[in-house]
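Enquirer: Below is the file query32.csv, which contains CSV, C-alpha atoms.
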chain,number,residue,atom,x,y,z
A,1,MET,CA,57.6,-39.4,-28.1
A,2,HIS,CA,58.0,-42.4,-25.8
A,3,ASN,CA,60.0,-40.2,-23.3
A,4,GLU,CA,57.2,-37.7,-23.1
A,5,GLU,CA,54.7,-40.4,-22.4
A,6,LYS,CA,56.9,-41.8,-19.6
A,7,ILE,CA,57.3,-38.4,-18.1
A,8,THR,CA,53.5,-37.9,-18.1
A,9,CYS,CA,52.9,-41.2,-16.4
A,10,VAL,CA,55.5,-40.4,-13.7
A,11,VAL,CA,53.9,-37.0,-13.0
A,12,ILE,CA,50.4,-38.6,-12.8
A,13,ALA,CA,51.7,-41.3,-10.5
A,14,LEU,CA,53.3,-38.7,-8.2
A,15,ILE,CA,50.1,-36.7,-8.1
A,16,LEU,CA,48.1,-39.8,-7.2
A,17,ALA,CA,50.6,-40.8,-4.5
A,18,ALA,CA,50.5,-37.3,-2.9
A,19,GLY,CA,46.7,-37.2,-2.9
A,20,LEU,CA,46.6,-40.7,-1.3
A,21,TRP,CA,49.1,-39.7,1.3
A,22,LEU,CA,47.1,-36.5,2.2
A,23,THR,CA,43.9,-38.5,2.4
A,24,THR,CA,45.3,-41.1,4.7
A,25,THR,CA,46.9,-38.6,7.0
A,26,SER,CA,43.8,-36.4,7.2
A,27,CYS,CA,41.6,-39.4,7.9
A,28,ALA,CA,44.0,-41.0,10.4
A,29,ALA,CA,44.4,-37.9,12.6
A,30,PRO,CA,40.8,-37.6,13.8
A,31,LEU,CA,40.6,-41.4,14.4
A,32,SER,CA,43.7,-41.3,16.7
A,33,SER,CA,42.1,-38.5,18.7
A,34,ASN,CA,38.8,-40.3,19.3
A,35,ALA,CA,38.1,-41.6,22.8
A,36,ALA,CA,37.5,-45.3,23.5
A,37,PRO,CA,33.9,-46.6,23.2
A,38,ARG,CA,31.8,-46.6,26.3
A,39,VAL,CA,31.1,-50.2,27.6
A,40,ASP,CA,28.5,-51.1,30.2
A,41,LYS,CA,28.2,-54.7,31.4
A,42,MET,CA,25.5,-56.4,33.6
A,43,THR,CA,24.6,-59.9,34.4
A,44,SER,CA,21.3,-61.6,35.5
A,45,GLY,CA,21.3,-65.3,36.0
A,46,PRO,CA,22.6,-67.1,32.9
A,47,VAL,CA,22.4,-63.9,30.7
A,48,GLU,CA,25.1,-61.4,30.3
A,49,LEU,CA,24.4,-58.0,28.7
A,50,ILE,CA,27.1,-55.7,27.2
A,51,ILE,CA,26.1,-52.2,25.9
A,52,THR,CA,28.7,-50.4,23.8
A,53,ALA,CA,28.4,-46.8,22.6
A,54,ASP,CA,30.8,-45.4,20.0
A,55,PRO,CA,31.6,-42.5,20.3
A,56,PRO,CA,31.1,-42.3,24.1
A,57,GLN,CA,30.0,-38.7,24.0
A,58,VAL,CA,27.4,-36.8,22.0
A,59,HIS,CA,28.6,-35.0,18.9
A,60,LEU,CA,25.8,-33.2,17.1
A,61,ASP,CA,27.6,-33.8,13.8
A,62,ARG,CA,28.0,-37.5,14.3
A,63,ASP,CA,25.8,-40.5,14.9
A,64,ILE,CA,26.3,-42.9,17.8
A,65,LEU,CA,26.6,-46.7,17.0
A,66,LEU,CA,24.9,-48.5,19.9
A,67,SER,CA,25.6,-52.2,20.3
A,68,ILE,CA,23.6,-54.4,22.7
A,69,LYS,CA,25.2,-57.8,22.9
A,70,THR,CA,23.6,-60.7,24.8
A,71,ILE,CA,25.6,-63.8,25.8
A,72,ALA,CA,23.4,-66.7,27.0
A,73,PRO,CA,23.4,-70.5,26.7
A,74,SER,CA,21.8,-71.9,23.6
A,75,ASN,CA,18.6,-73.0,25.6
A,76,ILE,CA,18.0,-69.4,26.8
A,77,ASN,CA,15.9,-67.2,24.5
A,78,VAL,CA,16.7,-63.4,25.2
A,79,ARG,CA,14.4,-60.7,23.9
A,80,LEU,CA,15.0,-56.9,23.9
A,81,PRO,CA,12.2,-54.3,24.1
A,82,PRO,CA,11.8,-51.7,21.3
A,83,LEU,CA,14.2,-48.8,21.6
A,84,ASP,CA,12.0,-46.1,20.1
A,85,ASN,CA,10.3,-45.0,23.3
A,86,ARG,CA,13.4,-45.4,25.5
A,87,LEU,CA,15.5,-42.7,23.8
A,88,THR,CA,15.8,-39.1,24.9
A,89,GLY,CA,17.6,-36.6,22.7
A,90,PHE,CA,18.1,-39.2,19.9
A,91,THR,CA,16.4,-40.3,16.8
A,92,LEU,CA,16.6,-44.0,15.9
A,93,SER,CA,18.0,-43.9,12.3
A,94,GLY,CA,18.5,-47.6,11.7
A,95,ALA,CA,18.9,-51.0,13.3
A,96,PHE,CA,20.4,-54.4,12.3
A,97,ASP,CA,21.5,-57.7,13.9
A,98,ARG,CA,24.8,-59.4,13.3
A,99,GLU,CA,25.1,-63.1,12.8
A,100,PRO,CA,25.0,-65.1,16.1
A,101,MET,CA,28.2,-66.6,17.2
A,102,ALA,CA,29.1,-69.5,19.5
A,103,GLN,CA,31.5,-68.7,22.3
A,104,ASP,CA,32.5,-71.1,25.1
A,105,GLY,CA,29.2,-73.0,24.9
A,106,ALA,CA,27.1,-69.8,24.7
A,107,ILE,CA,25.4,-68.0,21.9
A,108,VAL,CA,26.4,-64.3,21.3
A,109,ARG,CA,23.8,-62.2,19.6
A,110,ASP,CA,24.8,-58.6,18.7
A,111,HIS,CA,22.0,-56.0,18.1
A,112,CYS,CA,23.2,-52.7,16.5
A,113,PHE,CA,21.4,-49.4,16.5
A,114,ARG,CA,22.3,-46.1,14.8
A,115,LEU,CA,21.3,-43.1,17.0
A,116,THR,CA,21.2,-39.6,15.5
A,117,PRO,CA,21.5,-36.8,18.1
A,118,ARG,CA,19.2,-33.7,17.9
A,119,VAL,CA,19.3,-30.5,19.9
A,120,ALA,CA,18.1,-31.4,23.4
A,121,ALA,CA,18.7,-30.7,27.1
A,122,GLU,CA,19.4,-34.3,27.9
A,123,TYR,CA,20.7,-37.4,26.0
A,124,ARG,CA,19.9,-40.7,27.7
A,125,LEU,CA,18.8,-44.3,27.2
A,126,ALA,CA,16.1,-45.1,29.7
A,127,PRO,CA,16.2,-48.5,31.6
A,128,MET,CA,14.9,-51.4,29.6
A,129,ALA,CA,13.2,-54.7,30.7
A,130,VAL,CA,15.1,-57.5,29.1
A,131,THR,CA,13.2,-60.8,29.2
A,132,TYR,CA,14.5,-64.4,28.8
A,133,THR,CA,13.0,-67.9,28.9
A,134,ASP,CA,14.4,-71.4,29.1
A,135,THR,CA,13.5,-73.2,25.9
A,136,THR,CA,14.7,-76.7,27.0
A,137,ASN,CA,12.5,-79.3,25.4
A,138,ARG,CA,10.3,-81.1,28.1
A,139,PRO,CA,7.8,-83.3,26.2
A,140,ALA,CA,6.3,-84.8,29.4
A,141,ALA,CA,5.6,-81.4,31.1
A,142,PRO,CA,2.2,-79.9,30.5
A,143,ALA,CA,1.9,-76.3,29.2
A,144,ALA,CA,1.0,-75.0,32.6
A,145,LEU,CA,4.3,-76.2,34.0
A,146,ALA,CA,6.4,-74.6,31.2
A,147,ALA,CA,9.4,-72.5,32.3
A,148,PRO,CA,8.3,-69.0,33.3
A,149,GLU,CA,9.5,-65.9,31.6
A,150,ARG,CA,12.0,-64.0,33.6
A,151,TRP,CA,13.3,-60.4,33.2
A,152,PHE,CA,15.7,-57.9,34.5
A,153,ALA,CA,16.1,-54.2,34.2
A,154,THR,CA,19.1,-52.4,32.7
A,155,ARG,CA,20.7,-49.3,34.1
A,156,ALA,CA,19.9,-45.8,32.5
A,157,LEU,CA,22.7,-44.6,30.3
A,158,VAL,CA,23.2,-40.8,30.3
A,159,PHE,CA,25.5,-39.4,27.6
A,160,GLU,CA,27.5,-36.3,28.0
A,161,VAL,CA,27.8,-33.7,25.2
A,162,ALA,CA,31.3,-33.3,23.8
A,163,PRO,CA,32.7,-29.7,23.9
A,164,ILE,CA,33.0,-27.9,20.6
A,165,VAL,CA,36.7,-27.0,21.3
A,166,SER,CA,39.0,-29.0,23.5
A,167,GLU,CA,41.1,-26.0,24.7
A,168,HIS,CA,40.4,-22.5,25.8
A,169,PRO,CA,40.1,-20.3,22.8
A,170,GLY,CA,42.2,-17.5,24.4
A,171,ALA,CA,42.1,-13.8,23.6
A,172,SER,CA,43.1,-14.2,19.9
A,173,ILE,CA,39.6,-15.2,18.8
A,174,ARG,CA,37.4,-12.2,18.0
A,175,ASP,CA,34.4,-11.4,15.8
A,176,ILE,CA,35.3,-11.5,12.1
A,177,ARG,CA,32.8,-8.8,11.2
A,178,GLY,CA,30.9,-6.2,13.2
A,179,PRO,CA,27.2,-6.0,13.8
A,180,LEU,CA,25.2,-6.1,10.5
A,181,TRP,CA,22.2,-3.8,10.1
A,182,ILE,CA,19.2,-5.8,9.0
A,183,TYR,CA,16.7,-3.7,7.1
A,184,PRO,CA,13.1,-3.9,8.4
A,185,ALA,CA,10.4,-5.6,6.3
A,186,LEU,CA,8.4,-3.6,3.8
A,187,LYS,CA,5.3,-4.2,5.9
A,188,THR,CA,7.0,-2.7,9.0
A,189,ILE,CA,8.1,0.4,7.0
A,190,ALA,CA,4.6,0.9,5.7
A,191,GLY,CA,3.2,0.6,9.2
A,192,TRP,CA,5.5,3.2,10.6
A,193,VAL,CA,4.9,5.6,7.6
A,194,GLY,CA,1.2,5.2,8.1
A,195,LEU,CA,1.5,5.9,11.8
A,196,LEU,CA,3.6,9.0,11.1
A,197,VAL,CA,1.1,10.3,8.6
A,198,LEU,CA,-1.8,9.7,11.1
A,199,MET,CA,0.1,11.5,13.8
A,200,ALA,CA,0.8,14.4,11.4
A,201,ALA,CA,-2.9,14.6,10.5
A,202,VAL,CA,-3.9,14.6,14.1
A,203,VAL,CA,-1.5,17.4,14.9
A,204,TRP,CA,-2.7,19.4,12.0
A,205,LEU,CA,-6.4,18.9,13.0
A,206,LEU,CA,-5.6,19.9,16.6
A,207,TYR,CA,-3.7,23.0,15.3
A,208,ARG,CA,-6.7,24.0,13.1
A,209,LEU,CA,-9.1,23.4,15.9
A,210,SER,CA,-7.0,25.4,18.4
A,211,ARG,CA,-6.9,28.3,15.9
A,212,ARG,CA,-10.7,28.2,15.5
A,213,ILE,CA,-11.2,28.1,19.2
A,214,HIS,CA,-8.8,31.0,19.7
A,215,ARG,CA,-10.5,33.0,17.0
A,216,ALA,CA,-14.0,32.3,18.4
A,217,ILE,CA,-12.8,33.4,21.8
A,218,ARG,CA,-11.2,36.6,20.4
A,219,LEU,CA,-14.4,37.4,18.4
A,220,ARG,CA,-16.6,36.9,21.4
A,221,ARG,CA,-14.5,39.4,23.4
A,222,MET,CA,-14.9,42.1,20.6
A,223,SER,CA,-17.7,44.6,20.4
A,224,PRO,CA,-20.4,44.0,17.7
A,225,ARG,CA,-18.8,46.7,15.5
A,226,GLU,CA,-15.2,45.3,15.8
A,227,ARG,CA,-16.4,41.8,15.2
A,228,ALA,CA,-18.4,42.8,12.0
A,229,LEU,CA,-15.4,44.7,10.6
A,230,VAL,CA,-13.1,41.6,11.2
A,231,GLU,CA,-15.6,39.3,9.5
A,232,LEU,CA,-15.8,41.8,6.6
A,233,ALA,CA,-12.0,41.9,6.2
A,234,ASP,CA,-11.9,38.1,6.2
A,235,LEU,CA,-14.5,38.0,3.5
A,236,MET,CA,-12.6,40.4,1.3
A,237,VAL,CA,-9.4,38.3,1.7
A,238,ARG,CA,-11.2,35.2,0.4
A,239,ASP,CA,-11.7,37.1,-3.0
A,240,LEU,CA,-14.9,35.3,-3.9
A,241,ILE,CA,-15.7,37.7,-6.7
A,242,ALA,CA,-12.5,36.9,-8.6
A,243,LYS,CA,-13.3,33.2,-8.2
A,244,ASN,CA,-16.7,33.8,-9.8
A,245,LYS,CA,-18.6,33.0,-6.6
A,246,VAL,CA,-20.8,36.1,-6.6
A,247,LYS,CA,-23.8,34.5,-5.0
A,248,GLU,CA,-21.7,33.1,-2.1
A,249,PHE,CA,-20.1,36.5,-1.7
A,250,PHE,CA,-23.4,38.4,-1.3
A,251,LEU,CA,-24.8,35.7,1.0
A,252,GLU,CA,-21.8,36.1,3.4
A,253,LEU,CA,-21.9,39.9,3.1
A,254,THR,CA,-25.6,40.1,4.1
A,255,LEU,CA,-25.0,37.6,7.0
A,256,ILE,CA,-22.3,39.9,8.4
A,257,VAL,CA,-24.7,42.8,8.4
A,258,ARG,CA,-27.6,40.8,9.8
A,259,ARG,CA,-25.4,39.3,12.6
A,260,TYR,CA,-24.2,42.7,13.5
A,261,ILE,CA,-27.7,44.0,13.8
A,262,GLU,CA,-28.7,41.0,15.9
A,263,ARG,CA,-25.8,41.6,18.3
A,264,ALA,CA,-26.1,45.4,18.4
A,265,HIS,CA,-29.9,45.9,18.4
A,266,SER,CA,-31.2,42.5,19.5
A,267,ILE,CA,-33.2,42.0,16.3
A,268,ARG,CA,-33.0,38.4,14.9
A,269,ALA,CA,-32.1,39.6,11.5
A,270,PRO,CA,-30.4,36.4,10.3
A,271,GLU,CA,-33.6,34.4,10.8
A,272,GLN,CA,-35.9,36.9,9.0
A,273,THR,CA,-36.6,37.7,5.4
A,274,THR,CA,-35.7,41.1,4.0
A,275,GLU,CA,-39.3,42.4,4.3
A,276,GLU,CA,-39.7,41.0,7.9
A,277,PHE,CA,-36.4,42.6,8.9
A,278,LEU,CA,-37.2,46.0,7.3
A,279,LEU,CA,-40.6,46.0,9.0
A,280,ALA,CA,-39.1,45.2,12.4
A,281,ALA,CA,-36.4,47.8,11.9
A,282,SER,CA,-38.9,50.6,10.9
A,283,ARG,CA,-40.5,50.1,14.3
A,284,ASN,CA,-37.2,50.4,16.1
A,285,PRO,CA,-36.4,54.1,16.9
A,286,GLN,CA,-32.7,53.4,16.7
A,287,PHE,CA,-32.9,53.0,12.9
A,288,ARG,CA,-33.1,56.4,11.1
A,289,THR,CA,-35.0,56.8,7.8
A,290,GLU,CA,-31.8,57.3,5.7
A,291,VAL,CA,-30.2,54.3,7.3
A,292,LEU,CA,-33.3,52.2,6.5
A,293,GLY,CA,-33.2,53.4,2.9
A,294,LYS,CA,-29.6,52.3,2.5
A,295,LEU,CA,-30.3,48.9,4.1
A,296,ARG,CA,-33.3,48.4,1.9
A,297,ALA,CA,-31.3,49.0,-1.3
A,298,PHE,CA,-28.4,46.9,0.0
A,299,LEU,CA,-30.6,43.9,1.0
A,300,GLN,CA,-32.7,44.0,-2.2
A,301,THR,CA,-29.6,43.9,-4.4
A,302,ALA,CA,-28.3,40.9,-2.4
A,303,ASP,CA,-31.7,39.2,-2.9
A,304,LEU,CA,-31.5,39.7,-6.6
A,305,VAL,CA,-28.1,38.0,-6.7
A,306,LYS,CA,-29.1,35.2,-4.4
A,307,PHE,CA,-32.5,34.3,-5.8
A,308,ALA,CA,-32.8,35.9,-9.3
A,309,GLU,CA,-29.4,35.0,-10.7
A,310,TYR,CA,-28.6,38.7,-11.1
A,311,ARG,CA,-25.0,39.4,-12.2
A,312,PRO,CA,-24.0,42.7,-10.7
A,313,GLU,CA,-21.4,45.0,-12.2
A,314,PRO,CA,-18.2,45.6,-10.3
A,315,ALA,CA,-19.5,49.1,-9.4
A,316,VAL,CA,-22.6,47.5,-7.8
A,317,VAL,CA,-20.4,45.1,-5.8
A,318,ASP,CA,-18.2,47.9,-4.6
A,319,ARG,CA,-21.2,50.0,-3.6
A,320,ALA,CA,-22.7,47.1,-1.6
A,321,VAL,CA,-19.4,46.5,0.2
A,322,GLY,CA,-19.1,50.3,0.9
A,323,THR,CA,-22.7,50.4,2.2
A,324,ALA,CA,-22.1,47.5,4.6
A,325,ARG,CA,-18.8,48.9,5.9
A,326,ASP,CA,-20.2,52.5,6.3
A,327,TYR,CA,-23.3,51.2,8.1
A,328,VAL,CA,-21.2,49.2,10.6
A,329,GLU,CA,-18.6,51.9,11.2
A,330,THR,CA,-21.2,54.7,11.7
A,331,ASP,CA,-24.0,52.8,13.4
A,332,GLU,CA,-22.5,52.7,16.9
A,333,ARG,CA,-21.6,56.4,16.8
A,334,THR,CA,-25.2,57.3,16.1
A,335,THR,CA,-26.8,54.9,18.6
A,336,VAL,CA,-24.4,55.2,21.5
A,337,PRO,CA,-25.3,58.9,22.4
A,338,ARG,CA,-29.0,57.9,22.3
A,339,LEU,CA,-28.3,55.0,24.7
A,340,GLN,CA,-26.3,57.4,27.0
A,341,THR,CA,-29.2,59.9,27.1
A,342,THR,CA,-31.6,57.1,28.0
A,343,ASN,CA,-29.3,55.9,30.8
A,344,GLN,CA,-28.9,59.4,32.1
A,345,GLU,CA,-32.6,60.1,32.4
A,346,PRO,CA,-33.1,58.0,35.5
A,347,ARG,CA,-30.2,59.8,37.1
A,348,THR,CA,-31.7,63.3,36.5
A,349,LYS,CA,-35.0,62.0,38.0
A,350,ASN,CA,-33.2,60.8,41.1
Starting from the coordinates I provided, produce the structure as structure tokens.
Expert:
Amino acid sequence: MHNEEKITCVVIALILAAGLWLTTTSCAAPLSSNAAPRVDKMTSGPVELIITADPPQVHLDRDILLSIKTIAPSNINVRLPPLDNRLTGFTLSGAFDREPMAQDGAIVRDHCFRLTPRVAAEYRLAPMAVTYTDTTNRPAAPAALAAPERWFATRALVFEVAPIVSEHPGASIRDIRGPLWIYPALKTIAGWVGLLVLMAAVVWLLYRLSRRIHRAIRLRRMSPRERALVELADLMVRDLIAKNKVKEFFLELTLIVRRYIERAHSIRAPEQTTEEFLLAASRNPQFRTEVLGKLRAFLQTADLVKFAEYRPEPAVVDRAVGTARDYVETDERTTVPRLQTTNQEPRTKN
């Protein structure tokens, strides 16, 4: 039992020793590679100023310890200005003063500042006005003859940025992964989908409009008979009777016949009532008596459906469609010869 405890203690000691060795070696390596601190000295009269920056270059991952040391006789009072407004590219993270020390009859005062670098185009410490006065006790001298305050300006300190790598990376360094596709935001996708839907709707509307314009042009180039027969065929394709839209069907059917009469005989049939139209047609020699009788029965049946809620039988519907088609198909054949004879009469007279 005692042997096992001894062995365990030895193993633990070895592990601790190995960890301590790795820690000391890993910590000592970077320190040995650090450059020496930057030191700037200047003297004005009895005052000597030493500015030390460690490290001497800017590392974005490390702070810079800035030391401003003044060496002056004990009767000289030296004052430094605030550093906040003299820094460019740095943030003042802390400040402290070391204990004054006597050195060769002079007093050494060390003022320390911690500077944290941030991403900037330039890193510098602007010139400062260092003031000093002689505080020698002169009891017989009036206040007006007291020693004046003197000052001197320091030089600007510009810091270089340390390179990220000390050597050229060479051709062995390459991208670990290729370009990564970043999916667009949901708002962007919704915007594009809405734009595509809007474009599709505009294209569909333009297509429908072009078809209507093309159809209107084609109908205008037709004769009244051809146009009425096309409109009648379109009405039958709509199958309004099967959809229980009998009133709408008879309204469209009578409008087809009335528009045909307006185009072929110049009678404003769509704007007239049935009685007004029949009266105007009876005075027109182009309408025969049997034709007027068929038109009267056709229009009166349609009026019963439109105004009296009459529900016609399928045979009545078929008869009304047959009457409209038969009148349109045979009307031009009966009126064209009559128009030809009227046009030939002036020629015979000439």
Enquirer: If you count only C-alpha atoms, which residues fall within 7 Å of Phe152 of chain A, apart from same-chain ones fewer than 5 positions away, as a list of chain:residue names?
Expert: A:Ser44, A:Ala129, A:Val130, A:Thr131
Enquirer: Could you save the residues just selected, with C-alpha atoms, as a PDB file, in the coordinates of the input?
Expert:
ATOM      1  CA  SER A  44      21.300 -61.600  35.500  1.00  0.00           C
ATOM      2  CA  ALA A 129      13.200 -54.700  30.700  1.00  0.00           C
ATOM      3  CA  VAL A 130      15.100 -57.500  29.100  1.00  0.00           C
ATOM      4  CA  THR A 131      13.200 -60.800  29.200  1.00  0.00           C
TER       5      THR A 131
END
Enquirer: Between atom CA of Lys187 of chain A and atom CA of Val202 of chain A, what distance in Å does the model show, to one decimal?
Expert: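 Taking atom CA of Lys187 of chain A as the start and atom CA of Val202 of chain A as the end point, the length is 22.5 Å.
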Enquirer: Which value, in Å to one decimal, gives the distance between atom CA of Ile71 of chain A and atom CA of Ala106 of chain A?
Expert: 6.3 Å
Enquirer: Atom CA of Ile64 of chain A to atom CA of Arg109 of chain A: how many Å, to one decimal?
Expert: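 Computing it gives 19.5 Å between the two atoms.
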Enquirer: A:Thr43, A:Thr273, A:Gln57, A:Thr88: which is nearest Trp151 of chain A, counting all atoms listed in the file?
Expert: A:Thr43
Enquirer: Measuring between all atoms listed in the file, which one of A:Val328, A:Arg211, A:Leu253, A:Cys112 shows the shortest distance to Arg238 of chain A?
Expert: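 Smallest separation from Arg238 of chain A among the options: A:Leu253.
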Enquirer: Quick one: everything within 9 Å of segment 255-272 of chain A, counting all atoms listed in the file, minus sequence neighbours fewer than 3 positions away in the same chain. Send it as a list in words.
Expert: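 In the requested form, the answer reads Ser223, Pro224, Arg225, Arg227, Ala228, Leu229, Glu231, Leu232, Phe250, Leu251, Glu252, Glu275, Glu276, Phe277, Ala280, Ala281, Asn284, Gln286, Ala324, Arg325, Tyr327, Val328 and Glu332 of chain A.
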Enquirer: Please list as a list in words every residue within 10 Å of Ala120 of chain A, counting all atoms listed in the file and excluding residues in the same chain fewer than 3 positions away.
Expert: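 Everything that qualifies: Thr88, Gly89, Phe90, Pro117 and Tyr123 of chain A.
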Enquirer: Here is a test: counting all atoms listed in the file, which residue of A:Gln103, A:Thr188, A:Thr254, A:Ser282 is nearest to Asp303 of chain A?
Expert: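 Of the candidates, the smallest distance to Asp303 of chain A is held by A:Thr254.
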Enquirer: Restricting the calculation to all atoms listed in the file, which member of A:Val108, A:Ala302, A:Ala126, A:Ile15 is positioned closest to Pro82 of chain A?
Expert: A:Ala126
Enquirer: Would you please work out which residue, of A:Leu292, A:Val305, A:Val78, A:Leu49, is nearest to Thr154 of chain A when using all atoms listed in the file?
Expert: A:Leu49
Enquirer: In terms of the shortest atom-to-atom distance over only C-alpha atoms, which of A:Arg208, A:Lys294, A:Arg311, A:Arg220 is closest to Lys247 of chain A?
Expert: A:Arg311
